[in-house]
Amino acid sequence: MRTDSSPGSLPAREHLPAAGAGTPVLDVVVPVYNEEKDLGPCVRRLHEHLDRTFPYAFRITVADNASTDGTPHVAARLAADLAAVRSVRLEQKGRGRALRTVWSGSDAPVLAYMDVDLSTDLNALLPLVAPLISGHSDLAIGSRLARSSRVVRGAKREFISRTYNLILRGSLQARFSDAQCGFKAIRRDVARVLLPLVEDTGWFFDTEMLVLAERAGCRIHEVPVDWVDDPDSTVHIVRTATEDLKGVWRVGRALATGSLPLDRLTRPFGDDPRDRDLTGVPRGLARQLVGFCVVGALSTLFYLLLYSGFRHFTGSQLANALALLVSAVANTAANRRLTFGVRGRGGAVRHQAQGLVVFGIGLALTSGSLAALSAATTDPDHSTELAVLIAANLAATVLRFLLFRAWVFPDAPPTTQTPDPHLPDSHLPDPHLPDPHLPDPHLPDPHRTWSDAR
């Protein structure tokens, strides 16, 4: 949720806690499977730390993933001894399933989880959740790969962790540094929108949630942590890595094919500074420049390939005209769709006609350059011709962008999204909105994944 602000300022998220009397501000989930030995000391140590250092009411939830040993009895005993501890039993395994179940039903405005081995130093817990309580960030993660982190673990796990995060950066364009550190937190209002779209129920749950959060424009806060590897960890590294790579492939394919409903992730959490008309700030200029440069670079390469091909069959002037004509049509279509966000067929013919006028200017510049080259030397070599054409195209590029922005697409609107009836409209104040701390019947079913809708 975001608070209202003046038209000339950036909107701010709502400061927490916003829970009612007796409701904990923080709910820390400890997912466990056959951890009867470590569960008791872990929870008591965590409880003592929170009771001593955390300034708000809290809850610790033990999420038992279908344990077959004495873990359920230990969890029940902890819940009976400590008022701030509760136990939830699941009949199926899966860390992601446990977190989705507990977080979806929690009434705390800030939700967190940590591994039962407490490998992460607990002094990082308050810095982890403070940005969420203050309204600065939407999610927070502990990072073992930050420069100031202090980590003790074997070379094999260090290599696997860094390799996995490099894969995420290269394949899913992830910008967070540590996907799998068992130390994360999320605001409940953000979780209610993201969790229904997270499909994985195992170890890849964290990564998928963070990728979707980035695509939604959420702010992810990273906290450097002190972390000591647990030599008795029951995590099967090879099997977990294999499942993670399958998850990367699934999410990457969904993003590439468009089957992931990204329209449900676009600015779902309220006001956004990009939707504001801020005085003196050119709307979308930076994004348009980036898009125009990318399209321009590809168009120039396409043009040079066409010119080289046509040059085998005709003279330089005709080859230049044909290559420029074909590439200009493709360039206008690409800029219309990608740079200026114009979709649909409306106005497409007019845009192409105006694009041809821009093409004429580019033709005049490049043809004039070739004419000047021919006047300077009677038999220029092919590499010299290409160099002159590149220089002429660079000169025409600046003028082309200005004409596109000011004449061809002067009022190009941002991409419009079809309203999703499952998401509350938080852009307009509505006096009839229900209490935000009560379950919203219009939110998506937390057990329905995006693959069900495909």
# chains A, B, ... in the order shown; residues from 1 in each chain; ligands from 1

$ residues_around --residues "stretch 221-228 of chain A" --least-positions-apart "4" --cutoff "6 Å" --atoms "only C-alpha atoms" --output "PyMOL selection string"
chain A and resi 119-121+140-144+146+149-152

$ write_last_selection --atoms "C-alpha atoms" --output "PDB file, in the first residue's frame"
ATOM      1  CA  SER A 119      23.259 -20.283   9.919  1.00  0.00           C
ATOM      2  CA  THR A 120      22.543 -16.559   9.536  1.00  0.00           C
ATOM      3  CA  ASP A 121      23.498 -14.390  12.489  1.00  0.00           C
ATOM      4  CA  ALA A 140      14.217  -7.925   1.906  1.00  0.00           C
ATOM      5  CA  ILE A 141      16.798 -10.668   1.525  1.00  0.00           C
ATOM      6  CA  GLY A 142      19.969 -11.638   3.307  1.00  0.00           C
ATOM      7  CA  SER A 143      22.989 -11.740   1.018  1.00  0.00           C
ATOM      8  CA  ARG A 144      26.032 -13.911   1.580  1.00  0.00           C
ATOM      9  CA  ALA A 146      27.751  -8.822  -0.529  1.00  0.00           C
ATOM     10  CA  SER A 149      29.238 -10.208   4.362  1.00  0.00           C
ATOM     11  CA  ARG A 150      31.287 -12.612   6.452  1.00  0.00           C
ATOM     12  CA  VAL A 151      30.764 -16.181   5.321  1.00  0.00           C
ATOM     13  CA  VAL A 152      32.283 -19.461   6.466  1.00  0.00           C
TER      14      VAL A 152
END

$ atom_distance --atom1 "atom CA of A:Glu208" --atom2 "atom CA of A:Ile60"
24.2 Å

$ select_by_dssp --residues "stretch 91-328 of chain A" --states "helix (DSSP H, G or I)" --output "ChimeraX atom specification"
/A:95-105,122-134,155-171,188-197,205-215,237-257,262-264,273-275,285-310,316-328

$ residues_around --residues "A:Leu78" --least-positions-apart "6" --cutoff "9 Å" --atoms "only C-alpha atoms" --output "list in words"
Gly40, Val43, Arg44, Val85, Arg86 and Ser87 of chain A

$ closest_residue --among "A:Val398, A:Gly252, A:Gly296, A:Glu158" --to "A:Ser171" --atoms "only C-alpha atoms"
A:Gly252

$ residues_around --residues "stretch 370-386 of chain A" --least-positions-apart "3" --cutoff "9 Å" --atoms "only C-alpha atoms" --output "VMD selection string"
chain A and resid 304 308 316 to 317 365 to 367 389 to 391

$ residues_around --residues "A:Phe401" --least-positions-apart "6" --cutoff "12 Å" --atoms "only C-alpha atoms" --output "list in words"
Leu285, Gln288, Leu289, Val290, Gly291, Phe292, Cys293, Val295, Gly296, Asn331, Thr332, Asn335, Arg336, Thr339, Phe340, Gly355, Val358, Phe359, Gly362, Leu394, Ala395, Trp407, Val408, Phe409 and Pro410 of chain A

$ residues_around --residues "A:Val32" --least-positions-apart "6" --cutoff "7 Å" --atoms "only C-alpha atoms" --output "list in words"
Ala63, Asp64, Asn65 and Val116 of chain A

$ closest_residue --among "A:Ala124, A:Arg77, A:Leu338, A:Glu35" --to "A:His49" --atoms "only C-alpha atoms"
A:Ala124

$ select_by_dssp --residues "stretch 57-147 of chain A" --states "strand (DSSP E or B)" --output "PyMOL selection string"
chain A and resi 58-65+85-90+110-114+120+139-143
